[in-house]
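Peer 1: Got run04.csv for you, CSV, N, CA and C atoms:
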```csv
chain,number,residue,atom,x,y,z
C,31,MET,N,0.8,-1.2,0.0
C,31,MET,CA,0.0,0.0,0.0
C,31,MET,C,0.9,1.2,0.0
C,32,ASN,N,0.7,2.1,-1.0
C,32,ASN,CA,1.5,3.3,-1.0
C,32,ASN,C,1.0,4.4,-0.1
C,33,HIS,N,1.8,5.5,0.0
C,33,HIS,CA,1.5,6.6,0.9
C,33,HIS,C,0.1,7.2,0.6
C,34,LYS,N,-0.2,7.4,-0.6
C,34,LYS,CA,-1.5,8.0,-1.0
C,34,LYS,C,-2.7,7.1,-0.6
C,35,GLN,N,-2.5,5.8,-0.7
C,35,GLN,CA,-3.6,4.9,-0.3
C,35,GLN,C,-3.8,4.9,1.2
C,36,LYS,N,-2.6,5.0,1.9
C,36,LYS,CA,-2.7,5.0,3.4
C,36,LYS,C,-3.5,6.2,3.9
C,37,ILE,N,-3.1,7.4,3.3
C,37,ILE,CA,-3.8,8.6,3.6
C,37,ILE,C,-5.3,8.6,3.3
C,38,THR,N,-5.6,8.1,2.1
C,38,THR,CA,-7.0,7.9,1.7
C,38,THR,C,-7.8,7.0,2.7
C,39,LYS,N,-7.2,5.9,3.0
C,39,LYS,CA,-7.8,4.9,3.9
C,39,LYS,C,-8.0,5.5,5.3
C,40,LYS,N,-7.0,6.3,5.8
C,40,LYS,CA,-7.2,6.9,7.0
C,40,LYS,C,-8.3,8.0,7.0
C,41,LEU,N,-8.3,8.8,5.9
C,41,LEU,CA,-9.4,9.8,5.8
C,41,LEU,C,-10.8,9.2,5.7
C,42,ILE,N,-10.9,8.1,5.0
C,42,ILE,CA,-12.2,7.4,4.9
C,42,ILE,C,-12.6,6.9,6.3
C,43,LYS,N,-11.7,6.4,7.0
C,43,LYS,CA,-12.0,5.9,8.4
C,43,LYS,C,-12.4,7.0,9.2
C,44,GLN,N,-11.8,8.2,9.2
C,44,GLN,CA,-12.2,9.3,10.0
C,44,GLN,C,-13.6,9.8,9.6
C,45,LEU,N,-13.9,9.8,8.3
C,45,LEU,CA,-15.2,10.2,7.8
C,45,LEU,C,-16.3,9.2,8.3
C,46,GLN,N,-15.9,7.9,8.3
C,46,GLN,CA,-16.9,6.9,8.8
C,46,GLN,C,-17.2,7.2,10.3
C,47,ASN,N,-16.1,7.4,11.0
C,47,ASN,CA,-16.3,7.7,12.4
C,47,ASN,C,-17.1,9.0,12.7
C,48,ALA,N,-16.9,10.0,11.8
C,48,ALA,CA,-17.8,11.2,11.9
C,48,ALA,C,-19.2,10.9,11.7
C,49,PHE,N,-19.5,10.0,10.7
C,49,PHE,CA,-20.8,9.6,10.3
C,49,PHE,C,-21.5,8.9,11.5
C,50,VAL,N,-20.8,8.0,12.1
C,50,VAL,CA,-21.4,7.2,13.2
C,50,VAL,C,-21.6,8.1,14.4
C,51,PHE,N,-20.6,9.0,14.6
C,51,PHE,CA,-20.7,10.0,15.7
C,51,PHE,C,-21.9,10.9,15.6
C,52,GLU,N,-22.2,11.4,14.4
C,52,GLU,CA,-23.3,12.3,14.1
C,52,GLU,C,-24.6,11.5,14.4
C,53,GLU,N,-24.7,10.3,13.9
C,53,GLU,CA,-26.0,9.6,14.2
C,53,GLU,C,-26.2,9.3,15.6
C,54,LYS,N,-25.1,8.9,16.3
C,54,LYS,CA,-25.2,8.5,17.7
C,54,LYS,C,-25.6,9.7,18.6
C,55,ILE,N,-24.9,10.8,18.3
C,55,ILE,CA,-25.2,12.0,19.1
C,55,ILE,C,-26.6,12.5,19.0
C,56,VAL,N,-27.1,12.5,17.7
C,56,VAL,CA,-28.5,13.0,17.6
C,56,VAL,C,-29.5,12.1,18.3
C,57,MET,N,-29.3,10.8,18.3
C,57,MET,CA,-30.2,9.9,19.0
C,57,MET,C,-30.1,10.1,20.5
C,58,GLU,N,-28.9,10.2,21.0
C,58,GLU,CA,-28.7,10.5,22.4
C,58,GLU,C,-29.3,11.8,22.9
C,59,PHE,N,-29.1,12.8,22.0
C,59,PHE,CA,-29.6,14.1,22.3
C,59,PHE,C,-31.1,14.1,22.4
C,60,GLN,N,-31.8,13.5,21.4
C,60,GLN,CA,-33.2,13.5,21.4
C,60,GLN,C,-33.7,12.6,22.6
C,61,HIS,N,-33.1,11.5,22.9
C,61,HIS,CA,-33.5,10.7,24.1
C,61,HIS,C,-33.4,11.5,25.4
C,62,ARG,N,-32.3,12.2,25.5
C,62,ARG,CA,-32.1,13.0,26.7
C,62,ARG,C,-33.1,14.1,26.8
C,63,CYS,N,-33.4,14.8,25.7
C,63,CYS,CA,-34.3,15.9,25.7
C,63,CYS,C,-35.7,15.4,26.2
C,64,TYR,N,-36.2,14.3,25.6
C,64,TYR,CA,-37.5,13.7,26.0
C,64,TYR,C,-37.5,13.4,27.4
C,65,GLY,N,-36.4,12.8,27.9
C,65,GLY,CA,-36.3,12.4,29.3
C,65,GLY,C,-36.3,13.6,30.3
C,66,GLU,N,-35.8,14.7,29.9
C,66,GLU,CA,-35.8,15.9,30.7
C,66,GLU,C,-37.0,16.8,30.6
C,67,LEU,N,-38.0,16.4,29.8
C,67,LEU,CA,-39.2,17.2,29.7
C,67,LEU,C,-40.0,17.2,31.0
C,68,PRO,N,-40.5,18.3,31.5
C,68,PRO,CA,-41.4,18.2,32.6
C,68,PRO,C,-42.6,17.4,32.4
C,69,GLY,N,-43.1,16.7,33.3
C,69,GLY,CA,-44.3,15.8,33.2
C,69,GLY,C,-45.6,16.5,33.0
C,70,ASN,N,-45.6,17.9,33.2
C,70,ASN,CA,-46.9,18.6,33.2
C,70,ASN,C,-47.1,19.3,31.9
C,71,LEU,N,-46.5,18.9,30.8
C,71,LEU,CA,-46.8,19.6,29.5
C,71,LEU,C,-48.1,19.2,29.0
C,72,ASN,N,-48.8,20.2,28.4
C,72,ASN,CA,-50.1,19.9,27.7
C,72,ASN,C,-49.8,19.4,26.3
C,73,GLU,N,-50.8,18.9,25.7
C,73,GLU,CA,-50.6,18.3,24.3
C,73,GLU,C,-50.0,19.3,23.3
C,74,LYS,N,-50.4,20.5,23.4
C,74,LYS,CA,-49.9,21.6,22.4
C,74,LYS,C,-48.4,21.8,22.7
C,75,GLU,N,-48.0,21.9,23.9
C,75,GLU,CA,-46.6,22.1,24.3
C,75,GLU,C,-45.8,20.9,23.9
C,76,LEU,N,-46.3,19.7,24.1
C,76,LEU,CA,-45.6,18.5,23.8
C,76,LEU,C,-45.5,18.4,22.2
C,77,ASP,N,-46.5,18.8,21.5
C,77,ASP,CA,-46.4,18.7,20.0
C,77,ASP,C,-45.4,19.7,19.5
C,78,HIS,N,-45.3,20.9,20.2
C,78,HIS,CA,-44.3,21.9,19.8
C,78,HIS,C,-42.9,21.4,20.0
C,79,VAL,N,-42.6,20.8,21.2
C,79,VAL,CA,-41.3,20.2,21.5
C,79,VAL,C,-41.0,19.1,20.5
C,80,ARG,N,-41.9,18.2,20.2
C,80,ARG,CA,-41.7,17.1,19.3
C,80,ARG,C,-41.3,17.7,17.9
C,81,LYS,N,-41.9,18.7,17.4
C,81,LYS,CA,-41.6,19.3,16.1
C,81,LYS,C,-40.1,19.9,16.1
C,82,ILE,N,-39.8,20.5,17.2
C,82,ILE,CA,-38.4,21.0,17.3
C,82,ILE,C,-37.4,19.9,17.3
C,83,LEU,N,-37.6,18.9,18.1
C,83,LEU,CA,-36.7,17.8,18.2
C,83,LEU,C,-36.6,17.0,16.8
C,84,GLU,N,-37.7,16.9,16.1
C,84,GLU,CA,-37.7,16.3,14.8
C,84,GLU,C,-36.9,17.1,13.8
C,85,LEU,N,-37.1,18.4,13.9
C,85,LEU,CA,-36.3,19.3,13.0
C,85,LEU,C,-34.8,19.1,13.3
C,86,ILE,N,-34.4,19.1,14.5
C,86,ILE,CA,-33.0,18.9,14.9
C,86,ILE,C,-32.5,17.6,14.3
C,87,MET,N,-33.3,16.5,14.4
C,87,MET,CA,-32.9,15.2,13.9
C,87,MET,C,-32.8,15.2,12.4
C,88,ILE,N,-33.7,15.9,11.7
C,88,ILE,CA,-33.6,15.9,10.3
C,88,ILE,C,-32.4,16.7,9.8
C,89,GLN,N,-32.0,17.8,10.5
C,89,GLN,CA,-30.8,18.5,10.2
C,89,GLN,C,-29.6,17.7,10.4
C,90,SER,N,-29.6,17.0,11.5
C,90,SER,CA,-28.4,16.2,11.9
C,90,SER,C,-28.2,15.0,10.9
C,91,LEU,N,-29.3,14.4,10.5
C,91,LEU,CA,-29.3,13.3,9.6
C,91,LEU,C,-28.8,13.9,8.2
C,92,GLY,N,-29.2,15.1,7.9
C,92,GLY,CA,-28.7,15.7,6.7
C,92,GLY,C,-27.2,15.9,6.7
C,93,HIS,N,-26.7,16.3,7.9
C,93,HIS,CA,-25.2,16.4,8.0
C,93,HIS,C,-24.6,15.0,7.9
C,94,ALA,N,-25.2,14.0,8.5
C,94,ALA,CA,-24.6,12.6,8.3
C,94,ALA,C,-24.7,12.2,6.9
C,95,GLY,N,-25.7,12.6,6.1
C,95,GLY,CA,-25.8,12.3,4.7
C,95,GLY,C,-24.7,12.9,3.9
C,96,ILE,N,-24.3,14.1,4.3
C,96,ILE,CA,-23.2,14.8,3.6
C,96,ILE,C,-21.9,14.0,3.8
C,97,VAL,N,-21.7,13.7,5.1
C,97,VAL,CA,-20.5,12.9,5.4
C,97,VAL,C,-20.5,11.6,4.6
C,98,GLY,N,-21.7,10.9,4.6
C,98,GLY,CA,-21.8,9.7,3.8
C,98,GLY,C,-21.5,9.8,2.4
C,99,ASP,N,-22.0,10.9,1.8
C,99,ASP,CA,-21.7,11.2,0.4
C,99,ASP,C,-20.2,11.4,0.2
C,100,LEU,N,-19.5,12.1,1.1
C,100,LEU,CA,-18.1,12.2,1.0
C,100,LEU,C,-17.3,10.9,1.0
C,101,ILE,N,-17.8,10.0,1.9
C,101,ILE,CA,-17.2,8.7,2.0
C,101,ILE,C,-17.3,7.9,0.7
C,102,ILE,N,-18.5,8.0,0.1
C,102,ILE,CA,-18.8,7.3,-1.2
C,102,ILE,C,-17.9,7.9,-2.3
C,103,LYS,N,-17.8,9.2,-2.3
C,103,LYS,CA,-16.9,9.8,-3.4
C,103,LYS,C,-15.5,9.4,-3.2
C,104,LEU,N,-15.0,9.4,-1.9
C,104,LEU,CA,-13.6,9.0,-1.7
C,104,LEU,C,-13.4,7.5,-2.1
C,105,TYR,N,-14.3,6.7,-1.8
C,105,TYR,CA,-14.2,5.3,-2.2
C,105,TYR,C,-14.2,5.2,-3.8
C,106,GLU,N,-15.1,5.9,-4.4
C,106,GLU,CA,-15.1,5.9,-5.9
C,106,GLU,C,-13.8,6.4,-6.5
C,107,ASN,N,-13.3,7.5,-5.9
C,107,ASN,CA,-12.0,8.1,-6.4
C,107,ASN,C,-10.8,7.2,-6.2
C,108,THR,N,-10.9,6.5,-5.0
C,108,THR,CA,-9.8,5.6,-4.7
C,108,THR,C,-9.8,4.4,-5.6
C,109,ALA,N,-11.0,3.9,-5.9
C,109,ALA,CA,-11.1,2.7,-6.8
C,109,ALA,C,-10.7,3.1,-8.2
C,110,LYS,N,-10.9,4.3,-8.6
C,110,LYS,CA,-10.5,4.7,-10.0
C,110,LYS,C,-9.0,4.9,-10.1
C,111,SER,N,-8.4,5.3,-8.9
C,111,SER,CA,-6.9,5.5,-9.0
C,111,SER,C,-6.1,4.2,-8.8
C,112,LEU,N,-6.8,3.1,-8.4
C,112,LEU,CA,-6.0,1.9,-8.3
C,112,LEU,C,-5.8,1.2,-9.6
```
Kindly transcribe the structure held in the file into structure tokens.
Peer 2:
Amino acid sequence: MNHKQKITKKLIKQLQNAFVFEEKIVMEFQHRCYGELPGNLNEKELDHVRKILELIMIQSLGHAGIVGDLIIKLYENTAKSL
């Protein structure tokens, strides 16, 4: 394995770790937020909180998708250069 391949492999691994981290953090965040909600919320308040947390999840998954796309492009470019 040459130097360029080692760097590419290391970069891909770092991006994969970032992807997993992004997914894990968003799930933990949402779980913690739901767990810390006061028990006396009415249905309207709970619906508002749910919408906010869903929006955060969608944005975070969008970020994870960007990282995933970068991983795919790196794999494709690496395969072409071999």
Peer 1: For Ile42 in chain C, which of C:Met87, C:Leu100, C:His93, C:Lys110 is the closest residue, counting all atoms listed in the file?
Peer 2: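 Closest to Ile42 in chain C, using all atoms listed in the file: C:Leu100.
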Peer 1: Just how far from CA of Lys54 in chain C is CA of Tyr105 in chain C, in Å to one decimal?
Peer 2: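 Separating CA of Tyr105 in chain C from CA of Lys54 in chain C is a distance of 23.0 Å.
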Peer 1: Counting only C-alpha atoms, figure out which residue out of C:Ile37, C:Leu45, C:Leu83, C:Leu76 gets nearest to Gln60 in chain C.
Peer 2: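 Closest to Gln60 in chain C, using only C-alpha atoms: C:Leu83.
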Peer 1: Could you jot down the CA of Lys81 in chain C to CA of Asn47 in chain C separation for me, Å, one decimal place?
Peer 2: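 Going from CA of Lys81 in chain C over to CA of Asn47 in chain C covers 28.1 Å.
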Peer 1: In Å, how far is it from CA of Ala48 in chain C to atom C of Ala94 in chain C?
Peer 2: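 It comes out at 8.6 Å.
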Peer 1: Just the residues within 8 Å of Ile101 in chain C, please, counting only N, CA and C atoms, with nothing from its chain fewer than 6 positions along; format it as number ranges by chain.
Peer 2: C: 41-43, 45-46, 95, 107
Peer 1: Using only C-alpha atoms, pick whichever of C:Glu106, C:Asn32, C:Lys39, C:Ser90 has the shortest atom-to-atom distance to Met57 in chain C.
Peer 2: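 Of all the options, C:Ser90 lies closest to Met57 in chain C.
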Peer 1: Can I get all heavy atoms for range 77-90 of chain C, as a PDB file, in the first residue's frame?
Peer 2:
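Generated output (selection_21.pdb):
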```
ATOM      1  N   ASP C  77     -46.479  18.753  21.506  1.00  0.00           N
ATOM      2  CA  ASP C  77     -46.411  18.730  20.042  1.00  0.00           C
ATOM      3  C   ASP C  77     -45.351  19.719  19.545  1.00  0.00           C
ATOM      4  O   ASP C  77     -44.600  19.417  18.617  1.00  0.00           O
ATOM      5  CB  ASP C  77     -47.780  19.073  19.449  1.00  0.00           C
ATOM      6  CG  ASP C  77     -47.809  18.909  17.946  1.00  0.00           C
ATOM      7  OD1 ASP C  77     -47.405  17.836  17.450  1.00  0.00           O
ATOM      8  OD2 ASP C  77     -48.219  19.879  17.253  1.00  0.00           O
ATOM      9  N   HIS C  78     -45.274  20.885  20.168  1.00  0.00           N
ATOM     10  CA  HIS C  78     -44.273  21.895  19.789  1.00  0.00           C
ATOM     11  C   HIS C  78     -42.854  21.368  20.036  1.00  0.00           C
ATOM     12  O   HIS C  78     -41.974  21.500  19.181  1.00  0.00           O
ATOM     13  CB  HIS C  78     -44.524  23.187  20.575  1.00  0.00           C
ATOM     14  CG  HIS C  78     -43.632  24.321  20.193  1.00  0.00           C
ATOM     15  ND1 HIS C  78     -43.701  24.947  18.966  1.00  0.00           N
ATOM     16  CD2 HIS C  78     -42.640  24.933  20.868  1.00  0.00           C
ATOM     17  CE1 HIS C  78     -42.780  25.891  18.908  1.00  0.00           C
ATOM     18  NE2 HIS C  78     -42.122  25.901  20.054  1.00  0.00           N
ATOM     19  N   VAL C  79     -42.631  20.763  21.192  1.00  0.00           N
ATOM     20  CA  VAL C  79     -41.324  20.180  21.518  1.00  0.00           C
ATOM     21  C   VAL C  79     -40.976  19.082  20.519  1.00  0.00           C
ATOM     22  O   VAL C  79     -39.848  19.005  20.025  1.00  0.00           O
ATOM     23  CB  VAL C  79     -41.325  19.619  22.960  1.00  0.00           C
ATOM     24  CG1 VAL C  79     -40.101  18.767  23.218  1.00  0.00           C
ATOM     25  CG2 VAL C  79     -41.412  20.754  23.967  1.00  0.00           C
ATOM     26  N   ARG C  80     -41.930  18.229  20.206  1.00  0.00           N
ATOM     27  CA  ARG C  80     -41.707  17.125  19.266  1.00  0.00           C
ATOM     28  C   ARG C  80     -41.279  17.658  17.897  1.00  0.00           C
ATOM     29  O   ARG C  80     -40.343  17.139  17.285  1.00  0.00           O
ATOM     30  CB  ARG C  80     -42.975  16.291  19.142  1.00  0.00           C
ATOM     31  CG  ARG C  80     -42.785  14.988  18.395  1.00  0.00           C
ATOM     32  CD  ARG C  80     -44.046  14.130  18.369  1.00  0.00           C
ATOM     33  NE  ARG C  80     -44.473  13.773  19.710  1.00  0.00           N
ATOM     34  CZ  ARG C  80     -45.674  14.058  20.237  1.00  0.00           C
ATOM     35  NH1 ARG C  80     -46.581  14.703  19.536  1.00  0.00           N
ATOM     36  NH2 ARG C  80     -45.975  13.701  21.464  1.00  0.00           N
ATOM     37  N   LYS C  81     -41.920  18.726  17.439  1.00  0.00           N
ATOM     38  CA  LYS C  81     -41.567  19.314  16.141  1.00  0.00           C
ATOM     39  C   LYS C  81     -40.143  19.856  16.147  1.00  0.00           C
ATOM     40  O   LYS C  81     -39.398  19.689  15.176  1.00  0.00           O
ATOM     41  CB  LYS C  81     -42.555  20.416  15.761  1.00  0.00           C
ATOM     42  CG  LYS C  81     -43.900  19.884  15.337  1.00  0.00           C
ATOM     43  CD  LYS C  81     -44.875  21.010  15.045  1.00  0.00           C
ATOM     44  CE  LYS C  81     -46.249  20.443  14.707  1.00  0.00           C
ATOM     45  NZ  LYS C  81     -47.246  21.486  14.517  1.00  0.00           N
ATOM     46  N   ILE C  82     -39.762  20.509  17.241  1.00  0.00           N
ATOM     47  CA  ILE C  82     -38.400  21.048  17.344  1.00  0.00           C
ATOM     48  C   ILE C  82     -37.381  19.917  17.315  1.00  0.00           C
ATOM     49  O   ILE C  82     -36.381  19.965  16.584  1.00  0.00           O
ATOM     50  CB  ILE C  82     -38.237  21.903  18.623  1.00  0.00           C
ATOM     51  CG1 ILE C  82     -39.066  23.188  18.505  1.00  0.00           C
ATOM     52  CG2 ILE C  82     -36.766  22.219  18.889  1.00  0.00           C
ATOM     53  CD1 ILE C  82     -39.183  23.971  19.807  1.00  0.00           C
ATOM     54  N   LEU C  83     -37.615  18.872  18.106  1.00  0.00           N
ATOM     55  CA  LEU C  83     -36.674  17.757  18.157  1.00  0.00           C
ATOM     56  C   LEU C  83     -36.610  17.009  16.828  1.00  0.00           C
ATOM     57  O   LEU C  83     -35.534  16.562  16.410  1.00  0.00           O
ATOM     58  CB  LEU C  83     -37.035  16.806  19.299  1.00  0.00           C
ATOM     59  CG  LEU C  83     -36.817  17.374  20.705  1.00  0.00           C
ATOM     60  CD1 LEU C  83     -37.325  16.406  21.759  1.00  0.00           C
ATOM     61  CD2 LEU C  83     -35.364  17.716  20.939  1.00  0.00           C
ATOM     62  N   GLU C  84     -37.724  16.897  16.145  1.00  0.00           N
ATOM     63  CA  GLU C  84     -37.718  16.259  14.824  1.00  0.00           C
ATOM     64  C   GLU C  84     -36.926  17.090  13.824  1.00  0.00           C
ATOM     65  O   GLU C  84     -36.200  16.550  12.995  1.00  0.00           O
ATOM     66  CB  GLU C  84     -39.149  16.027  14.337  1.00  0.00           C
ATOM     67  CG  GLU C  84     -39.847  14.897  15.068  1.00  0.00           C
ATOM     68  CD  GLU C  84     -41.317  14.777  14.722  1.00  0.00           C
ATOM     69  OE1 GLU C  84     -41.849  15.599  13.939  1.00  0.00           O
ATOM     70  OE2 GLU C  84     -41.959  13.838  15.251  1.00  0.00           O
ATOM     71  N   LEU C  85     -37.054  18.404  13.896  1.00  0.00           N
ATOM     72  CA  LEU C  85     -36.294  19.286  13.011  1.00  0.00           C
ATOM     73  C   LEU C  85     -34.793  19.140  13.264  1.00  0.00           C
ATOM     74  O   LEU C  85     -33.999  19.047  12.323  1.00  0.00           O
ATOM     75  CB  LEU C  85     -36.724  20.741  13.203  1.00  0.00           C
ATOM     76  CG  LEU C  85     -35.993  21.775  12.362  1.00  0.00           C
ATOM     77  CD1 LEU C  85     -36.212  21.504  10.873  1.00  0.00           C
ATOM     78  CD2 LEU C  85     -36.477  23.170  12.712  1.00  0.00           C
ATOM     79  N   ILE C  86     -34.407  19.092  14.533  1.00  0.00           N
ATOM     80  CA  ILE C  86     -32.998  18.884  14.870  1.00  0.00           C
ATOM     81  C   ILE C  86     -32.516  17.552  14.317  1.00  0.00           C
ATOM     82  O   ILE C  86     -31.421  17.460  13.750  1.00  0.00           O
ATOM     83  CB  ILE C  86     -32.790  18.969  16.402  1.00  0.00           C
ATOM     84  CG1 ILE C  86     -33.015  20.403  16.882  1.00  0.00           C
ATOM     85  CG2 ILE C  86     -31.396  18.465  16.796  1.00  0.00           C
ATOM     86  CD1 ILE C  86     -33.101  20.544  18.386  1.00  0.00           C
ATOM     87  N   MET C  87     -33.334  16.513  14.438  1.00  0.00           N
ATOM     88  CA  MET C  87     -32.948  15.200  13.936  1.00  0.00           C
ATOM     89  C   MET C  87     -32.783  15.225  12.412  1.00  0.00           C
ATOM     90  O   MET C  87     -31.805  14.701  11.879  1.00  0.00           O
ATOM     91  CB  MET C  87     -33.956  14.135  14.325  1.00  0.00           C
ATOM     92  CG  MET C  87     -33.579  12.759  13.801  1.00  0.00           C
ATOM     93  SD  MET C  87     -34.656  11.473  14.390  1.00  0.00           S
ATOM     94  CE  MET C  87     -33.968  11.262  16.014  1.00  0.00           C
ATOM     95  N   ILE C  88     -33.695  15.859  11.727  1.00  0.00           N
ATOM     96  CA  ILE C  88     -33.620  15.943  10.263  1.00  0.00           C
ATOM     97  C   ILE C  88     -32.354  16.673   9.835  1.00  0.00           C
ATOM     98  O   ILE C  88     -31.645  16.237   8.926  1.00  0.00           O
ATOM     99  CB  ILE C  88     -34.883  16.629   9.692  1.00  0.00           C
ATOM    100  CG1 ILE C  88     -36.091  15.704   9.849  1.00  0.00           C
ATOM    101  CG2 ILE C  88     -34.687  17.026   8.230  1.00  0.00           C
ATOM    102  CD1 ILE C  88     -37.430  16.371   9.594  1.00  0.00           C
ATOM    103  N   GLN C  89     -32.050  17.777  10.507  1.00  0.00           N
ATOM    104  CA  GLN C  89     -30.837  18.524  10.168  1.00  0.00           C
ATOM    105  C   GLN C  89     -29.583  17.696  10.435  1.00  0.00           C
ATOM    106  O   GLN C  89     -28.656  17.676   9.632  1.00  0.00           O
ATOM    107  CB  GLN C  89     -30.785  19.833  10.947  1.00  0.00           C
ATOM    108  CG  GLN C  89     -31.807  20.836  10.483  1.00  0.00           C
ATOM    109  CD  GLN C  89     -31.854  22.074  11.362  1.00  0.00           C
ATOM    110  OE1 GLN C  89     -31.380  22.076  12.485  1.00  0.00           O
ATOM    111  NE2 GLN C  89     -32.446  23.127  10.837  1.00  0.00           N
ATOM    112  N   SER C  90     -29.551  16.995  11.548  1.00  0.00           N
ATOM    113  CA  SER C  90     -28.392  16.175  11.886  1.00  0.00           C
ATOM    114  C   SER C  90     -28.232  15.012  10.916  1.00  0.00           C
ATOM    115  O   SER C  90     -27.124  14.673  10.517  1.00  0.00           O
ATOM    116  CB  SER C  90     -28.507  15.650  13.319  1.00  0.00           C
ATOM    117  OG  SER C  90     -28.441  16.722  14.217  1.00  0.00           O
TER     118      SER C  90
END
```
